[in-house]
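**Student:** Sharing entry24.txt below, compact mmCIF, C-alpha atoms (C1' of nucleotides):
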# COMPACT_ATOMS: atom_id res chain seq x y z
CA MET A 1 22.72 -18.60 -9.92
CA SER A 2 20.84 -15.39 -10.63
CA MET A 3 18.45 -16.02 -7.74
CA ASP A 4 15.80 -13.92 -9.46
CA SER A 5 13.33 -13.73 -6.63
CA LYS A 6 10.83 -10.99 -7.10
CA ARG A 7 11.61 -7.40 -6.31
CA PRO A 8 10.21 -6.29 -2.93
CA ALA A 9 7.07 -4.20 -3.25
CA ASN A 10 8.22 -1.76 -0.63
CA PRO A 11 10.70 0.91 -1.82
CA LEU A 12 12.05 0.94 1.71
CA ALA A 13 13.97 -2.14 0.58
CA LEU A 14 15.84 0.09 -1.86
CA ALA A 15 16.88 2.34 0.98
CA VAL A 16 18.04 -0.64 3.02
CA LEU A 17 20.20 -1.86 0.15
CA GLY A 18 21.58 1.62 -0.36
CA LEU A 19 22.58 1.90 3.27
CA LEU A 20 24.16 -1.54 3.41
CA LEU A 21 26.23 -0.65 0.37
CA GLU A 22 28.02 1.84 2.58
CA GLN A 23 28.50 -0.45 5.54
CA PRO A 24 26.89 -3.31 7.49
CA MET A 25 24.19 -2.22 9.87
CA HIS A 26 21.38 -3.43 12.08
CA PRO A 27 17.77 -2.43 11.35
CA HIS A 28 17.44 0.12 14.10
CA ALA A 29 20.55 1.90 12.87
CA MET A 30 19.10 1.96 9.38
CA ALA A 31 16.02 3.75 10.59
CA ALA A 32 18.12 6.19 12.59
CA THR A 33 20.41 6.91 9.65
CA LEU A 34 17.55 7.44 7.24
CA ARG A 35 15.99 9.90 9.63
CA GLU A 36 19.25 11.73 10.22
CA ARG A 37 19.70 12.26 6.51
CA GLU A 38 16.05 13.20 6.22
CA LEU A 39 15.55 10.46 3.71
CA ASP A 40 12.32 9.76 5.51
CA ARG A 41 10.98 12.43 3.19
CA ALA A 42 11.50 10.03 0.30
CA PHE A 43 10.86 6.71 2.03
CA LYS A 44 8.09 5.81 4.38
CA VAL A 45 10.12 4.35 7.19
CA THR A 46 7.95 2.46 9.65
CA THR A 47 9.48 0.17 12.25
CA GLY A 48 7.24 -2.74 11.49
CA SER A 49 7.75 -2.57 7.76
CA LEU A 50 11.47 -2.16 8.15
CA TYR A 51 11.90 -5.47 9.92
CA ASP A 52 9.60 -7.20 7.42
CA VAL A 53 11.57 -5.78 4.53
CA VAL A 54 14.87 -6.84 6.00
CA ARG A 55 13.58 -10.35 6.56
CA SER A 56 12.33 -10.55 3.01
CA LEU A 57 15.63 -9.28 1.62
CA GLU A 58 17.42 -11.93 3.61
CA ARG A 59 15.14 -14.64 2.26
CA ALA A 60 16.02 -13.47 -1.25
CA ASP A 61 19.73 -13.54 -0.39
CA TRP A 62 20.19 -9.92 -1.31
CA ILE A 63 21.48 -9.27 2.18
CA SER A 64 22.75 -11.59 4.88
CA ALA A 65 23.02 -11.53 8.64
CA ARG A 66 26.56 -10.89 9.80
CA GLU A 67 26.63 -11.11 13.54
CA THR A 68 24.16 -10.70 16.34
CA THR A 69 25.59 -8.92 19.31
CA GLN A 70 23.99 -8.10 22.59
CA VAL A 71 24.72 -5.20 24.89
CA GLY A 72 23.58 -5.86 28.44
CA GLY A 73 20.10 -7.27 28.70
CA ARG A 74 18.79 -5.26 25.78
CA PRO A 75 17.28 -6.87 22.73
CA GLN A 76 20.05 -8.36 20.66
CA ARG A 77 20.80 -6.66 17.40
CA THR A 78 21.45 -8.44 14.17
CA VAL A 79 23.84 -6.76 11.76
CA TYR A 80 23.23 -7.27 8.06
CA ALA A 81 25.46 -6.77 5.03
CA HIS A 82 24.69 -6.77 1.32
CA THR A 83 25.58 -9.72 -0.89
CA ALA A 84 27.00 -9.57 -4.42
CA GLU A 85 23.53 -10.34 -5.74
CA GLY A 86 22.12 -7.57 -3.58
CA ARG A 87 24.49 -5.06 -5.09
CA ARG A 88 23.54 -6.09 -8.62
CA GLN A 89 19.84 -5.94 -7.85
CA PHE A 90 20.14 -2.55 -6.23
CA VAL A 91 21.60 -1.04 -9.36
CA ALA A 92 19.15 -2.82 -11.66
CA TRP A 93 16.20 -1.73 -9.57
CA LEU A 94 17.39 1.86 -9.38
CA ASP A 95 17.93 1.91 -13.10
CA GLU A 96 14.45 0.66 -13.83
CA LEU A 97 12.77 2.99 -11.37
CA ILE A 98 14.32 5.88 -13.24
CA ARG A 99 13.93 4.52 -16.75
CA VAL A 100 10.25 3.72 -16.69
CA PRO A 101 7.74 5.96 -14.92
CA ALA A 102 5.51 3.90 -12.65
CA LYS A 103 1.78 4.27 -12.65
CA GLU A 104 0.99 6.07 -9.42
CA TYR A 105 -2.27 6.85 -7.69
CA PRO A 106 -1.88 10.03 -5.64
CA LYS A 107 -4.87 10.62 -3.42
CA PHE A 108 -5.50 14.04 -4.84
CA ILE A 109 -6.26 12.51 -8.23
CA SER A 110 -8.98 10.35 -6.78
CA ALA A 111 -10.47 13.37 -5.07
CA ILE A 112 -10.41 15.49 -8.21
CA SER A 113 -12.30 12.76 -10.01
CA TYR A 114 -15.29 13.52 -7.81
CA LEU A 115 -14.81 17.24 -7.43
CA GLY A 116 -18.20 17.79 -9.03
CA ALA A 117 -19.87 16.06 -6.11
CA LEU A 118 -18.66 18.78 -3.79
CA GLY A 119 -20.55 21.78 -5.10
CA ARG A 120 -18.98 24.85 -6.57
CA GLN A 121 -18.37 26.96 -3.51
CA PRO A 122 -17.22 24.16 -1.15
CA ALA A 123 -14.83 23.03 -3.85
CA ARG A 124 -13.47 26.53 -4.19
CA ASP A 125 -12.96 26.74 -0.43
CA ALA A 126 -11.21 23.41 -0.19
CA LEU A 127 -8.92 24.19 -3.09
CA THR A 128 -8.03 27.53 -1.55
CA GLU A 129 -7.00 25.88 1.67
CA ARG A 130 -4.94 23.38 -0.26
CA ALA A 131 -3.17 26.18 -2.07
CA GLY A 132 -2.15 27.57 1.30
CA HIS A 133 -0.66 24.28 2.40
CA LEU A 134 1.18 23.93 -0.88
CA ILE A 135 2.70 27.37 -0.52
CA ALA A 136 3.94 26.49 2.95
CA ARG A 137 5.35 23.22 1.70
CA ALA A 138 7.17 24.91 -1.15
CA ASP A 139 8.62 27.51 1.21
CA GLN A 140 9.95 24.80 3.47
CA ALA A 141 11.55 23.00 0.57
CA ARG A 142 13.22 26.19 -0.61
CA ALA A 143 14.51 26.91 2.88
CA ALA A 144 15.88 23.39 3.28
CA TRP A 145 17.55 23.70 -0.09
CA ARG A 146 19.22 26.96 0.82
CA GLU A 147 20.42 25.71 4.17
CA VAL A 148 22.12 22.74 2.58
CA VAL A 149 23.18 23.55 -0.95
CA ASP A 150 23.70 27.31 -0.90
CA ALA A 151 25.50 26.95 2.42
CA GLY A 152 27.73 24.33 0.84
CA ARG A 153 26.91 21.66 3.42
CA ALA A 154 26.33 19.10 0.68
CA PRO A 155 26.49 18.93 -3.11
CA ARG A 156 23.34 19.48 -5.14
CA LEU A 157 23.28 15.82 -6.17
CA PHE A 158 22.21 14.89 -2.66
CA MET A 159 19.30 17.29 -2.65
CA LEU A 160 17.79 16.31 -5.97
CA GLU A 161 14.80 14.71 -4.33
CA VAL A 162 14.01 17.97 -2.57
CA GLU A 163 14.46 19.86 -5.81
CA TYR A 164 12.13 17.49 -7.64
CA ALA A 165 9.50 17.61 -4.92
CA LEU A 166 9.65 21.39 -5.01
CA ARG A 167 9.07 21.55 -8.75
CA MET A 168 6.14 19.19 -8.47
CA THR A 169 4.62 21.17 -5.63
CA GLU A 170 4.96 24.35 -7.64
CA ALA A 171 3.27 22.74 -10.62
CA GLU A 172 0.40 21.49 -8.50
CA LEU A 173 0.00 24.89 -6.92
CA ALA A 174 -0.14 26.56 -10.30
CA TRP A 175 -2.84 24.18 -11.43
CA VAL A 176 -4.90 24.57 -8.28
CA GLU A 177 -4.74 28.34 -8.53
CA GLN A 178 -5.77 28.16 -12.16
CA ILE A 179 -8.81 26.08 -11.29
CA ILE A 180 -9.81 28.50 -8.55
CA ALA A 181 -9.50 31.36 -11.01
CA ASP A 182 -11.59 29.47 -13.55
CA ILE A 183 -14.28 28.80 -10.99
CA ASP A 184 -14.36 32.48 -10.13
CA ALA A 185 -14.46 33.48 -13.76
CA GLY A 186 -17.34 31.11 -14.33
CA VAL A 187 -15.32 29.37 -17.00
CA LEU A 188 -15.61 25.98 -15.33
CA ALA A 189 -19.17 24.78 -15.79
CA TRP A 190 -20.74 23.06 -12.79
CA PRO A 191 -23.64 20.58 -12.97
CA ASP A 192 -27.15 21.91 -12.10
CA ALA A 193 -27.43 24.51 -9.39
CA ALA A 194 -24.60 23.20 -7.26
CA MET B 1 -25.03 7.86 16.15
CA SER B 2 -22.12 9.24 14.16
CA MET B 3 -20.60 5.78 13.84
CA ASP B 4 -17.17 7.29 13.41
CA SER B 5 -15.34 4.18 12.34
CA LYS B 6 -12.04 4.92 10.73
CA ARG B 7 -11.77 5.97 7.12
CA PRO B 8 -10.75 3.11 4.81
CA ALA B 9 -7.13 3.25 3.78
CA ASN B 10 -7.92 2.41 0.19
CA PRO B 11 -9.12 5.33 -1.97
CA LEU B 12 -11.04 2.77 -3.98
CA ALA B 13 -13.59 3.06 -1.19
CA LEU B 14 -14.15 6.66 -2.25
CA ALA B 15 -14.94 5.51 -5.75
CA VAL B 16 -17.36 2.91 -4.43
CA LEU B 17 -19.20 5.53 -2.41
CA GLY B 18 -19.26 7.84 -5.39
CA LEU B 19 -20.81 5.21 -7.59
CA LEU B 20 -23.39 4.15 -5.05
CA LEU B 21 -24.46 7.75 -4.71
CA GLU B 22 -25.74 7.48 -8.26
CA GLN B 23 -27.48 4.16 -7.85
CA PRO B 24 -27.28 0.81 -6.06
CA MET B 25 -24.86 -1.61 -7.63
CA HIS B 26 -23.09 -4.90 -7.14
CA PRO B 27 -19.29 -5.01 -6.94
CA HIS B 28 -18.69 -6.40 -10.39
CA ALA B 29 -20.76 -3.62 -11.90
CA MET B 30 -18.71 -1.08 -9.95
CA ALA B 31 -15.52 -2.36 -11.47
CA ALA B 32 -17.07 -2.37 -14.93
CA THR B 33 -18.41 1.16 -14.55
CA LEU B 34 -15.12 2.51 -13.28
CA ARG B 35 -13.32 1.01 -16.23
CA GLU B 36 -15.88 2.31 -18.73
CA ARG B 37 -15.42 5.81 -17.43
CA GLU B 38 -11.68 5.29 -17.40
CA LEU B 39 -11.60 6.13 -13.75
CA ASP B 40 -9.19 3.26 -13.41
CA ARG B 41 -6.63 5.90 -14.27
CA ALA B 42 -7.34 7.54 -10.94
CA PHE B 43 -8.14 4.51 -8.81
CA LYS B 44 -6.31 1.26 -8.65
CA VAL B 45 -9.21 -1.09 -9.15
CA THR B 46 -8.28 -4.68 -8.36
CA THR B 47 -10.91 -7.36 -7.97
CA GLY B 48 -9.62 -8.65 -4.70
CA SER B 49 -9.32 -5.23 -3.13
CA LEU B 50 -12.72 -4.19 -4.37
CA TYR B 51 -14.52 -6.94 -2.50
CA ASP B 52 -12.45 -6.26 0.61
CA VAL B 53 -13.27 -2.59 0.45
CA VAL B 54 -16.97 -3.23 -0.01
CA ARG B 55 -16.99 -5.58 2.96
CA SER B 56 -15.22 -3.04 5.08
CA LEU B 57 -17.61 -0.27 4.06
CA GLU B 58 -20.48 -2.50 5.00
CA ARG B 59 -18.96 -3.20 8.41
CA ALA B 60 -18.73 0.53 8.95
CA ASP B 61 -22.36 0.96 7.88
CA TRP B 62 -21.47 3.41 5.17
CA ILE B 63 -23.13 1.13 2.67
CA SER B 64 -25.56 -1.75 3.09
CA ALA B 65 -26.53 -4.84 1.12
CA ARG B 66 -29.86 -4.41 -0.66
CA GLU B 67 -30.73 -7.67 -2.31
CA THR B 68 -28.83 -10.65 -3.53
CA THR B 69 -30.19 -11.96 -6.76
CA GLN B 70 -29.11 -14.95 -8.73
CA VAL B 71 -29.34 -15.45 -12.47
CA GLY B 72 -29.17 -19.10 -13.44
CA GLY B 73 -26.41 -21.01 -11.74
CA ARG B 74 -23.99 -18.09 -11.71
CA PRO B 75 -22.50 -16.71 -8.56
CA GLN B 76 -25.13 -14.68 -6.80
CA ARG B 77 -24.61 -10.98 -6.86
CA THR B 78 -25.13 -8.73 -3.91
CA VAL B 79 -26.36 -5.25 -4.63
CA TYR B 80 -25.26 -2.49 -2.27
CA ALA B 81 -26.58 0.99 -1.63
CA HIS B 82 -25.15 3.91 0.32
CA THR B 83 -26.48 4.86 3.74
CA ALA B 84 -27.10 8.35 5.07
CA GLU B 85 -23.88 8.07 7.04
CA GLY B 86 -22.10 6.93 3.90
CA ARG B 87 -23.19 10.02 2.04
CA ARG B 88 -21.98 12.27 4.84
CA GLN B 89 -18.65 10.50 5.05
CA PHE B 90 -18.15 10.63 1.31
CA VAL B 91 -18.40 14.39 1.27
CA ALA B 92 -16.27 14.82 4.36
CA TRP B 93 -13.58 12.55 2.98
CA LEU B 94 -13.58 14.28 -0.39
CA ASP B 95 -13.34 17.65 1.28
CA GLU B 96 -10.39 16.62 3.38
CA LEU B 97 -8.54 14.98 0.51
CA ILE B 98 -8.69 18.25 -1.34
CA ARG B 99 -8.10 20.55 1.60
CA VAL B 100 -4.95 18.99 2.97
CA PRO B 101 -2.26 17.60 0.69
CA ALA B 102 -1.27 14.11 1.78
CA LYS B 103 2.31 13.07 2.21
CA GLU B 104 2.99 10.80 -0.76
CA TYR B 105 5.94 8.62 -1.64
CA PRO B 106 6.20 8.32 -5.42
CA LYS B 107 8.72 5.69 -6.45
CA PHE B 108 10.67 8.13 -8.55
CA ILE B 109 11.56 10.13 -5.46
CA SER B 110 13.10 7.14 -3.79
CA ALA B 111 15.11 6.45 -6.92
CA ILE B 112 16.34 10.03 -7.20
CA SER B 113 17.57 9.83 -3.65
CA TYR B 114 20.16 7.31 -4.78
CA LEU B 115 20.85 8.69 -8.24
CA GLY B 116 24.47 9.22 -7.27
CA ALA B 117 24.90 5.46 -6.92
CA LEU B 118 24.19 4.99 -10.59
CA GLY B 119 27.15 6.76 -12.15
CA ARG B 120 27.00 9.80 -14.34
CA GLN B 121 26.50 8.23 -17.74
CA PRO B 122 24.08 5.44 -16.74
CA ALA B 123 22.01 8.03 -14.91
CA ARG B 124 21.94 10.20 -18.00
CA ASP B 125 20.81 7.26 -20.10
CA ALA B 126 18.07 6.22 -17.73
CA LEU B 127 16.76 9.76 -17.42
CA THR B 128 16.71 10.11 -21.18
CA GLU B 129 14.60 7.02 -21.56
CA ARG B 130 12.26 8.28 -18.88
CA ALA B 131 11.88 11.56 -20.72
CA GLY B 132 10.72 9.58 -23.75
CA HIS B 133 8.07 7.76 -21.74
CA LEU B 134 6.90 11.00 -20.22
CA ILE B 135 6.52 12.61 -23.62
CA ALA B 136 4.42 9.68 -24.79
CA ARG B 137 2.30 9.84 -21.68
CA ALA B 138 1.70 13.56 -22.08
CA ASP B 139 0.74 13.09 -25.71
CA GLN B 140 -1.81 10.46 -24.77
CA ALA B 141 -3.30 12.70 -22.12
CA ARG B 142 -3.59 15.56 -24.61
CA ALA B 143 -5.24 13.29 -27.15
CA ALA B 144 -7.72 11.93 -24.61
CA TRP B 145 -8.52 15.46 -23.58
CA ARG B 146 -9.21 16.58 -27.12
CA GLU B 147 -11.38 13.59 -27.89
CA VAL B 148 -13.58 14.24 -24.93
CA VAL B 149 -13.64 17.93 -24.10
CA ASP B 150 -12.93 19.60 -27.42
CA ALA B 151 -15.34 17.21 -29.08
CA GLY B 152 -17.95 18.20 -26.51
CA ARG B 153 -18.55 14.64 -25.32
CA ALA B 154 -18.28 15.71 -21.68
CA PRO B 155 -17.76 18.92 -19.73
CA ARG B 156 -14.27 19.85 -18.61
CA LEU B 157 -15.19 19.21 -14.99
CA PHE B 158 -15.18 15.49 -15.68
CA MET B 159 -11.72 15.54 -17.18
CA LEU B 160 -10.00 17.48 -14.44
CA GLU B 161 -8.03 14.46 -13.30
CA VAL B 162 -6.61 14.08 -16.80
CA GLU B 163 -5.78 17.75 -16.91
CA TYR B 164 -4.04 17.58 -13.55
CA ALA B 165 -2.08 14.47 -14.47
CA LEU B 166 -0.98 16.17 -17.67
CA ARG B 167 0.33 19.23 -15.88
CA MET B 168 2.23 17.07 -13.44
CA THR B 169 3.72 14.99 -16.21
CA GLU B 170 4.83 18.13 -18.01
CA ALA B 171 6.44 19.45 -14.86
CA GLU B 172 8.30 16.21 -14.28
CA LEU B 173 9.45 16.16 -17.88
CA ALA B 174 10.77 19.70 -17.62
CA TRP B 175 12.73 18.79 -14.52
CA VAL B 176 14.16 15.61 -15.99
CA GLU B 177 15.27 17.45 -19.10
CA GLN B 178 16.85 20.13 -16.98
CA ILE B 179 18.84 17.54 -15.05
CA ILE B 180 20.02 15.91 -18.26
CA ALA B 181 21.12 19.28 -19.55
CA ASP B 182 22.94 20.00 -16.30
CA ILE B 183 24.72 16.68 -16.45
CA ASP B 184 25.82 17.43 -19.99
CA ALA B 185 26.92 20.92 -19.07
CA GLY B 186 28.96 19.50 -16.21
CA VAL B 187 27.03 21.70 -13.82
CA LEU B 188 25.88 18.77 -11.68
CA ALA B 189 28.90 17.53 -9.77
CA TRP B 190 29.22 13.76 -9.44
CA PRO B 191 31.15 11.96 -6.69
CA ASP B 192 34.67 10.68 -7.56
CA ALA B 193 35.26 9.29 -11.03
CA ALA B 194 31.76 7.89 -11.46
C1' DG C 1 16.91 6.47 45.68
C1' DG C 2 12.70 6.61 43.44
C1' DG C 3 10.75 8.63 39.25
C1' DT C 4 10.34 9.89 34.76
C1' DC C 5 12.06 10.63 30.28
C1' DG C 6 14.14 9.36 26.05
C1' DA C 7 16.92 6.47 23.55
C1' DT C 8 17.74 1.59 22.09
C1' DA C 9 15.97 -2.55 19.76
C1' DC C 10 12.65 -5.46 18.30
C1' DT C 11 7.97 -8.31 18.22
C1' DC C 12 3.28 -9.08 17.32
C1' DG C 13 -1.32 -9.38 15.49
C1' DG C 14 -4.86 -7.45 13.01
C1' DA C 15 -5.89 -5.17 8.79
C1' DT C 16 -5.18 -4.77 4.02
C1' DC C 17 -3.76 -5.93 -0.53
C1' DC C 18 -4.14 -8.34 -4.69
C1' DG C 19 -2.88 -12.01 -8.13
C1' DA C 20 -4.53 -16.34 -9.25
C1' DC C 21 -8.02 -19.23 -9.49
C1' DC C 22 -13.02 -21.07 -9.95
C1' DA C 23 -17.34 -21.74 -12.25
C1' DA C 24 -21.33 -20.74 -15.17
C1' DT C 25 -23.11 -18.51 -19.27
C1' DT C 26 -23.40 -16.20 -23.64
C1' DG C 27 -21.98 -15.46 -28.43
C1' DG C 28 -20.07 -16.33 -32.42
C1' DA C 29 -17.21 -18.98 -35.66
C1' DT C 30 -16.46 -23.67 -37.43
C1' DA D 1 -24.34 -29.00 -33.26
C1' DT D 2 -19.92 -27.83 -31.15
C1' DC D 3 -16.19 -25.70 -29.23
C1' DC D 4 -13.51 -21.81 -27.86
C1' DA D 5 -13.22 -17.18 -26.12
C1' DA D 6 -14.99 -13.62 -23.65
C1' DT D 7 -18.03 -12.06 -20.09
C1' DT D 8 -20.12 -12.37 -15.65
C1' DG D 9 -19.42 -12.63 -10.68
C1' DG D 10 -16.85 -13.75 -7.12
C1' DT D 11 -13.51 -16.44 -3.52
C1' DC D 12 -9.17 -17.45 -1.39
C1' DG D 13 -4.66 -17.55 0.61
C1' DG D 14 -0.22 -15.80 0.91
C1' DA D 15 2.31 -11.59 1.23
C1' DT D 16 2.70 -7.18 3.05
C1' DC D 17 1.88 -3.29 6.02
C1' DC D 18 2.30 -0.89 10.21
C1' DG D 19 0.62 0.96 14.81
C1' DA D 20 0.99 -0.38 19.32
C1' DG D 21 3.25 -2.75 22.54
C1' DT D 22 7.44 -4.74 25.26
C1' DA D 23 11.56 -4.36 27.71
C1' DT D 24 16.16 -2.61 28.95
C1' DC D 25 19.40 0.99 29.83
C1' DG D 26 21.42 5.62 30.95
C1' DA D 27 20.83 10.32 32.42
C1' DC D 28 19.15 13.66 35.00
C1' DC D 29 16.45 15.63 38.81
C1' DC D 30 14.85 16.89 43.07
Since I need it in another form, could you write the structure as structure tokens?

**Tutor:**
Amino acid sequence: MSMDSKRPANPLALAVLGLLLEQPMHPHAMAATLRERELDRAFKVTTGSLYDVVRSLERADWISARETTQVGGRPQRTVYAHTAEGRRQFVAWLDELIRVPAKEYPKFISAISYLGALGRQPARDALTERAGHLIARADQARAAWREVVDAGRAPRLFMLEVEYALRMTEAELAWVEQIIADIDAGVLAWPDAA
Amino acid sequence: MSMDSKRPANPLALAVLGLLLEQPMHPHAMAATLRERELDRAFKVTTGSLYDVVRSLERADWISARETTQVGGRPQRTVYAHTAEGRRQFVAWLDELIRVPAKEYPKFISAISYLGALGRQPARDALTERAGHLIARADQARAAWREVVDAGRAPRLFMLEVEYALRMTEAELAWVEQIIADIDAGVLAWPDAA
DNA sequence: GGGTCGATACTCGGATCCGACCAATTGGAT
DNA sequence: ATCCAATTGGTCGGATCCGAGTATCGACCC
């Protein structure tokens, strides 16, 4: 009975399950809701993928189509709801995502791996520009935080992802600035006369 | 002449270009080399994807097939080399990857977004286990660093990606531990009687 | 009363991804 | 000699991803 079809690759499926736990919804409404709550900062919500993900969740019986209404001559909308299995899987998935850190491949890491190929000065320039972007990003996160949590518009629990992203941005910034400093101090040896 | 075909989506293509800049190579050798240098920590190197990526780079004329030898009755191997355009694009890509931080969607962020759905105690448990994994991961990174840099087997420049990953892991660990502490201190309000 | 703009709602096809499989060869143990 | 395991080198097909397109409706505007 456990219907243990494989977990969807796309985390967007997690968001879909989360939304349907609150109430039945049709795909377009999911996208709209995610964007309203600014959860599109945490999930890459693309129309095409959304419909694929919903279809695949239905195949797995984690969600099921409820009704398909039509307003005027517009495309009909199909409303989905979670199933009991879907609710179980949502919690299990969430739990595992938190428990065990996934191996990730951020693009910056791949770039760093070849930093030497860029030459000392160009590398310094590029890193400096990055630092600027990171500062801006951190400022935005702090502002968003203040507007929501400090202003009491929502409890901190619902801004944890912003908090986490902020800490990570700060850490990256610190590292980038350290590398720039080391380049300047001549502490970071570069190959040949690059 | 600039042949400005779109940049491959897969960062593995960057690694391929980087390798071919050193010397011509056939795909299997690329995979082997990347693994020897432990660059498979930075790039997700999957056989299937590798051959796709190589084909797509060839279509774009960033690399070109050199010769296709055959030893005995084994599958013939096709050796590729970079083109002038490939070299240009490699540097430009690298530069941009460093200059402008990409929007990324780590799985942990999506999980955090629904942490509230997990209940206070289960969340605490899961986070605690994660902290353990992160500590182990950080220890490994530190050990790898020592074995290579401190032992003088390679200059620091070639271990920057390990250094960066370590700093990020440490930052994540600090945050996770903070959240656990806040849960324990009752500072992090949870919805209803969860 | 035609025009454009922005929601609403979804489809489609081409590109990409990648695990699983195939097939020959070498290198030791048995 | 023989057989198994590992290495070499690569193909294939099914799943997934997602940008671009389609088509309707309501509002507002001169």

**Student:** With only C-alpha atoms considered, list every residue of chain B at most 7 Å from chain A, as a VMD selection string.

**Tutor:** chain B and resid 11 42 to 44 91 94 to 95 97 to 101 104 to 113 116 118 126 to 127 129 to 130 133 157 to 158 160 to 161 167 to 168 171 to 172 188 to 189

**Student:** What residues in chain C lie within 8 Å of chain B, counting only C-alpha atoms (C1' of nucleotides), written as a count of residues only?

**Tutor:** 5

**Student:** Using all atoms listed in the file, find the one residue out of A:Arg66, A:Arg35, A:Arg55, A:Arg153 that sits nearest to chain D.

**Tutor:**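 Ranking A:Arg66, A:Arg35, A:Arg55, A:Arg153 by distance to chain D, first place goes to A:Arg55.
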
**Student:** Work out where the centre of an axis-aligned box around every listed atom of segment 14-29 of chain D lies and how long its edges are once 3 Å is added on each side; give both in Å to one decimal as JSON.

**Tutor:**
{"center_x": 10.6, "center_y": -0.1, "center_z": 19.9, "size_x": 27.6, "size_y": 37.4, "size_z": 43.9}

**Student:** Between atom CA of Thr68 of chain A and atom C1' of DC5 of chain C, measure the distance and give it in Å to one decimal.

**Tutor:**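 According to the coordinates, atom CA of Thr68 of chain A and atom C1' of DC5 of chain C are separated by 28.2 Å.
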
**Student:** Mind listing as an mmCIF file with C-alpha atoms, in the coordinates of the input all residues within 9 Å of (-24.3, -8.3, 0.2), counting all atoms listed in the file?

**Tutor:**
data_model
loop_
_atom_site.group_PDB
_atom_site.id
_atom_site.type_symbol
_atom_site.label_atom_id
_atom_site.label_comp_id
_atom_site.auth_asym_id
_atom_site.auth_seq_id
_atom_site.Cartn_x
_atom_site.Cartn_y
_atom_site.Cartn_z
ATOM 1 C CA HIS B 26 -23.090 -4.900 -7.140
ATOM 2 C CA VAL B 54 -16.970 -3.230 -0.010
ATOM 3 C CA ARG B 55 -16.990 -5.580 2.960
ATOM 4 C CA GLU B 58 -20.480 -2.500 5.000
ATOM 5 C CA SER B 64 -25.560 -1.750 3.090
ATOM 6 C CA ALA B 65 -26.530 -4.840 1.120
ATOM 7 C CA ARG B 66 -29.860 -4.410 -0.660
ATOM 8 C CA GLU B 67 -30.730 -7.670 -2.310
ATOM 9 C CA THR B 68 -28.830 -10.650 -3.530
ATOM 10 C CA ARG B 77 -24.610 -10.980 -6.860
ATOM 11 C CA THR B 78 -25.130 -8.730 -3.910
ATOM 12 C CA VAL B 79 -26.360 -5.250 -4.630
ATOM 13 C CA TYR B 80 -25.260 -2.490 -2.270
#

**Student:** Got a sec to pull out which chain D residues are within 10 Å of chain A, counting only C-alpha atoms (C1' of nucleotides), and send them as a PyMOL selection string?

**Tutor:** chain D and resi 15-19+23-25

**Student:** Could you tell me how far atom CA of Trp62 of chain B sits from atom CA of Leu17 of chain B, in Å to one decimal place?

**Tutor:**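 Computing it gives 8.2 Å between the two atoms.
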
**Student:** Which polymer residues have any atom within 10 Å of an atom of DT11 of chain C, counting all atoms listed in the file, with same-chain residues fewer than 4 positions away left out, as a count of residues only?

**Tutor:** 4

**Student:** Quote the spacing between atom CA of Ile135 of chain A and atom CA of Leu173 of chain A in Å to one decimal place.

**Tutor:** 7.4 Å

**Student:** Dump as a list of chain:residue names all residues having an atom at most 10 Å from (-15.7, -16.5, -22.1), computed in the file's coordinates with only C-alpha atoms (C1' of nucleotides).

**Tutor:** C:DA24, C:DT25, C:DT26, C:DG27, D:DC4, D:DA5, D:DA6, D:DT7, D:DT8

**Student:** Find the residues around DT30 of chain C up to 12 Å (all atoms listed in the file counted), leave out those fewer than 4 positions away in its own chain, and share them as a PyMOL selection string.

**Tutor:** chain D and resi 1-4

**Student:** Counting all atoms listed in the file, what is within 6 Å of His82 of chain B, bar same-chain residues fewer than 3 positions away, as a list of chain:residue names?

**Tutor:** B:Leu20, B:Ile63, B:Gly86
